[in-house]
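Asker: Next comes the structure file work31.pdb, holding PDB, C-alpha atoms, pLDDT in the B column.
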```
ATOM      1  CA  MET N   1     133.775   4.284 -33.854  1.00 61.00           C
ATOM      2  CA  ALA N   2     135.036   7.481 -32.192  1.00 62.00           C
ATOM      3  CA  ASN N   3     137.819   7.478 -29.643  1.00 67.00           C
ATOM      4  CA  SER N   4     138.402   9.876 -26.739  1.00 62.00           C
ATOM      5  CA  GLU N   5     140.113  12.474 -28.957  1.00 78.00           C
ATOM      6  CA  GLY N   6     137.071  12.768 -31.215  1.00 87.00           C
ATOM      7  CA  LEU N   7     138.736  10.949 -34.125  1.00 91.00           C
ATOM      8  CA  ILE N   8     136.788   8.468 -36.233  1.00 91.00           C
ATOM      9  CA  GLU N   9     138.460   5.065 -36.606  1.00 93.00           C
ATOM     10  CA  LEU N  10     137.602   2.960 -39.667  1.00 92.00           C
ATOM     11  CA  GLU N  11     139.060   0.122 -41.688  1.00 94.00           C
ATOM     12  CA  GLY N  12     139.702   0.606 -45.380  1.00 95.00           C
ATOM     13  CA  LYS N  13     141.432  -0.914 -48.371  1.00 95.00           C
ATOM     14  CA  ILE N  14     144.361   0.646 -50.242  1.00 95.00           C
ATOM     15  CA  VAL N  15     143.287   1.460 -53.807  1.00 95.00           C
ATOM     16  CA  ALA N  16     146.336   3.381 -55.069  1.00 95.00           C
ATOM     17  CA  VAL N  17     149.841   4.249 -53.898  1.00 94.00           C
ATOM     18  CA  LEU N  18     150.771   7.887 -54.518  1.00 94.00           C
ATOM     19  CA  PRO N  19     154.124   9.693 -54.217  1.00 92.00           C
ATOM     20  CA  GLY N  20     155.289  10.948 -50.836  1.00 89.00           C
ATOM     21  CA  THR N  21     153.861   8.077 -48.748  1.00 88.00           C
ATOM     22  CA  MET N  22     150.303   9.051 -49.677  1.00 94.00           C
ATOM     23  CA  PHE N  23     147.573   6.535 -50.471  1.00 96.00           C
ATOM     24  CA  ARG N  24     144.018   6.414 -51.835  1.00 96.00           C
ATOM     25  CA  ILE N  25     141.893   4.433 -49.377  1.00 96.00           C
ATOM     26  CA  GLU N  26     138.426   3.020 -50.030  1.00 95.00           C
ATOM     27  CA  LEU N  27     136.269   2.945 -46.907  1.00 95.00           C
ATOM     28  CA  PRO N  28     133.470   0.417 -46.216  1.00 94.00           C
ATOM     29  CA  ASN N  29     130.867   3.008 -47.305  1.00 93.00           C
ATOM     30  CA  LYS N  30     132.596   3.184 -50.761  1.00 94.00           C
ATOM     31  CA  HIS N  31     134.032   6.689 -50.174  1.00 94.00           C
ATOM     32  CA  VAL N  32     137.636   7.185 -51.290  1.00 95.00           C
ATOM     33  CA  VAL N  33     139.883   9.353 -49.099  1.00 95.00           C
ATOM     34  CA  LEU N  34     143.493  10.502 -49.227  1.00 96.00           C
ATOM     35  CA  GLY N  35     145.644   8.978 -46.492  1.00 95.00           C
ATOM     36  CA  HIS N  36     149.183   9.265 -45.176  1.00 94.00           C
ATOM     37  CA  ILE N  37     151.069   6.920 -42.865  1.00 93.00           C
ATOM     38  CA  SER N  38     151.611   7.710 -39.197  1.00 91.00           C
ATOM     39  CA  GLY N  39     155.029   8.264 -37.654  1.00 89.00           C
ATOM     40  CA  LYS N  40     155.221   4.805 -36.032  1.00 90.00           C
ATOM     41  CA  LEU N  41     154.645   3.067 -39.379  1.00 88.00           C
ATOM     42  CA  ARG N  42     157.229   5.308 -41.037  1.00 88.00           C
ATOM     43  CA  LYS N  43     159.743   4.790 -38.223  1.00 90.00           C
ATOM     44  CA  ASN N  44     159.439   0.986 -38.336  1.00 90.00           C
ATOM     45  CA  PHE N  45     159.494   0.811 -42.166  1.00 88.00           C
ATOM     46  CA  ILE N  46     156.093  -0.887 -42.443  1.00 88.00           C
ATOM     47  CA  LYS N  47     155.396  -1.482 -46.132  1.00 89.00           C
ATOM     48  CA  ILE N  48     151.903  -0.848 -47.474  1.00 91.00           C
ATOM     49  CA  PHE N  49     150.800  -2.118 -50.891  1.00 91.00           C
ATOM     50  CA  VAL N  50     147.683  -1.924 -53.055  1.00 93.00           C
ATOM     51  CA  GLY N  51     145.030  -4.275 -51.700  1.00 91.00           C
ATOM     52  CA  ASP N  52     146.193  -4.113 -48.063  1.00 92.00           C
ATOM     53  CA  THR N  53     143.575  -3.560 -45.387  1.00 94.00           C
ATOM     54  CA  VAL N  54     144.445  -0.719 -43.010  1.00 94.00           C
ATOM     55  CA  ARG N  55     142.988   0.983 -39.955  1.00 95.00           C
ATOM     56  CA  VAL N  56     142.650   4.751 -40.365  1.00 95.00           C
ATOM     57  CA  GLU N  57     141.840   7.739 -38.165  1.00 95.00           C
ATOM     58  CA  MET N  58     139.812  10.624 -39.547  1.00 94.00           C
ATOM     59  CA  ASP N  59     139.006  14.032 -38.128  1.00 93.00           C
ATOM     60  CA  PRO N  60     135.232  14.678 -38.216  1.00 92.00           C
ATOM     61  CA  LYS N  61     135.928  18.222 -39.438  1.00 92.00           C
ATOM     62  CA  ASP N  62     137.787  17.031 -42.551  1.00 92.00           C
ATOM     63  CA  ILE N  63     136.558  13.676 -43.803  1.00 90.00           C
ATOM     64  CA  THR N  64     138.540  13.831 -47.058  1.00 93.00           C
ATOM     65  CA  GLN N  65     141.846  12.969 -45.370  1.00 94.00           C
ATOM     66  CA  ALA N  66     142.923  10.134 -43.095  1.00 95.00           C
ATOM     67  CA  ARG N  67     145.952   8.904 -41.145  1.00 95.00           C
ATOM     68  CA  ILE N  68     146.906   5.241 -41.507  1.00 95.00           C
ATOM     69  CA  THR N  69     147.600   3.910 -38.006  1.00 94.00           C
ATOM     70  CA  TYR N  70     147.767   0.123 -38.537  1.00 93.00           C
ATOM     71  CA  ARG N  71     148.188  -2.360 -41.398  1.00 93.00           C
ATOM     72  CA  LEU N  72     146.028  -5.407 -40.781  1.00 91.00           C
ATOM     73  CA  ARG N  73     147.434  -8.831 -41.562  1.00 83.00           C
ATOM     74  CA  SER N  74     145.894 -10.595 -44.510  1.00 73.00           C
ATOM     75  CA  SER N  75     143.834 -13.640 -43.648  1.00 65.00           C
ATOM     76  CA  ALA N  76     144.694 -15.414 -46.902  1.00 61.00           C
ATOM     77  CA  PRO N  77     146.338 -18.804 -46.343  1.00 57.00           C
ATOM     78  CA  LYS N  78     149.848 -19.411 -47.632  1.00 57.00           C
ATOM     79  CA  PRO N  79     150.015 -21.397 -50.894  1.00 59.00           C
ATOM     80  CA  LEU N  80     150.992 -25.054 -50.620  1.00 57.00           C
ATOM     81  CA  GLY N  81     154.599 -25.856 -51.381  1.00 58.00           C
ATOM     82  CA  ALA N  82     155.804 -22.382 -50.462  1.00 58.00           C
ATOM     83  CA  ALA N  83     159.288 -22.179 -49.019  1.00 60.00           C
ATOM     84  CA  PRO N  84     159.524 -21.217 -45.346  1.00 59.00           C
ATOM     85  CA  ALA N  85     160.178 -17.530 -44.912  1.00 60.00           C
ATOM     86  CA  ALA N  86     163.627 -16.461 -43.711  1.00 64.00           C
ATOM     87  CA  SER N  87     165.004 -19.942 -43.061  1.00 69.00           C
ATOM     88  CA  ARG N  88     168.539 -19.907 -41.758  1.00 74.00           C
ATOM     89  CA  PRO N  89     171.179 -21.727 -43.855  1.00 76.00           C
ATOM     90  CA  ALA N  90     173.065 -24.663 -42.351  1.00 77.00           C
ATOM     91  CA  PRO N  91     176.251 -23.707 -40.483  1.00 78.00           C
ATOM     92  CA  ARG N  92     179.495 -24.023 -42.410  1.00 80.00           C
ATOM     93  CA  ARG N  93     181.894 -26.737 -41.390  1.00 79.00           C
ATOM     94  CA  ARG N  94     185.542 -25.840 -41.011  1.00 73.00           C
TER
END
```
I'd like the structure from this file rewritten - as structure tokens, please.

Answerer:
Amino acid sequence: MANSEGLIELEGKIVAVLPGTMFRIELPNKHVVLGHISGKLRKNFIKIFVGDTVRVEMDPKDITQARITYRLRSSAPKPLGAAPAASRPAPRRR
């Protein structure tokens, strides 16, 4: 899918985390490209791990590199019996 700027948008899976916020990304056509995170992800401290699915932009002139623009949420269900995330402790009595 190409957007108005001529960039190719694809979804891929993180294969390896490299130094300097660089990642190896496997695309649906089994090609592996080098990717870096966009400024918005860096600014908001979005964490990306191996196995995450991400949306990337690629320039048609250089298809060996990509920019990660979005980390997709995993569709895996939460395990049963898991504690609720970030539950607030009860207020202290004085």

Asker: To one decimal in Å, tell me the separation between CA of Lys43 (chain N) and CA of Pro89 (chain N).

Answerer: 29.4 Å

Asker: With 4 Å of padding per side, what axis-aligned box (centre and edge lengths, Å, one decimal) covers all the listed atoms of region 7-15 of chain N? Give it as lines of an AutoDock Vina configuration file.

Answerer:
```
center_x = 140.6
center_y = 5.0
center_z = -44.0
size_x = 15.6
size_y = 19.9
size_z = 27.7
```

Asker: Tell me, as a PyMOL selection string, which residues lie within 8 Å of Thr64 (chain N), counting all atoms listed in the file; anything in the same chain fewer than 4 positions away does not count.

Answerer: chain N and resi 32-34

Asker: Looking at N:Glu11, N:Met22, N:Tyr70, N:Arg94, which one is nearest to Lys40 (chain N), with distances taken over all atoms listed in the file?

Answerer: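 Going through N:Glu11, N:Met22, N:Tyr70, N:Arg94 one by one, the smallest distance to Lys40 (chain N) is for N:Tyr70.
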
Asker: Find the distance between CA of Arg67 (chain N) and CA of Ser38 (chain N) and write it in Å to one decimal.

Answerer: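 Taking CA of Arg67 (chain N) as the start and CA of Ser38 (chain N) as the end point, the length is 6.1 Å.
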
Asker: Within 7 Å of Phe23 (chain N), counting only C-alpha atoms, which residues show up once you throw out same-chain ones fewer than 3 positions away? Write them as a ChimeraX atom specification, please.

Answerer: /N:14,16-18,34-36

Asker: Counting only C-alpha atoms, figure out which residue out of N:Arg93, N:Leu10, N:Arg88, N:Glu5 gets nearest to Glu57 (chain N).

Answerer: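 Closest to Glu57 (chain N) of all the choices is N:Leu10.
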
Asker: Show me the residues around (145.8, -5.3, -40.1) - criterion: an atom at most 12 Å away, only C-alpha atoms counted - as a ChimeraX atom specification.

Answerer: /N:10-14,46-48,51-56,68-75

Asker: Hey, can you check how far CA of His31 (chain N) sits from CA of Pro60 (chain N)?

Answerer: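 Result for CA of His31 (chain N) versus CA of Pro60 (chain N): 14.4 Å, one decimal.
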
Asker: Let me make sure I understand: among N:Leu41, N:Pro91, N:Val50, N:Leu7, which one has the smallest atom-to-atom distance to Ile25 (chain N) if we use all atoms listed in the file?

Answerer: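 Smallest distance to Ile25 (chain N) is found for N:Val50.
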
Asker: Could you check the closest approach to Glu9 (chain N) for each of N:Thr21, N:Met58, N:Phe49, N:Glu26 and tell me which residue wins, using only C-alpha atoms?

Answerer: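 Ranked by minimum distance to Glu9 (chain N), first place goes to N:Met58.
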
Asker: In terms of the shortest atom-to-atom distance over all atoms listed in the file, which of N:Gly20, N:Ala66, N:Val15, N:Ala90 is closest to Arg42 (chain N)?

Answerer: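 Distance minimum relative to Arg42 (chain N) lands on N:Gly20.
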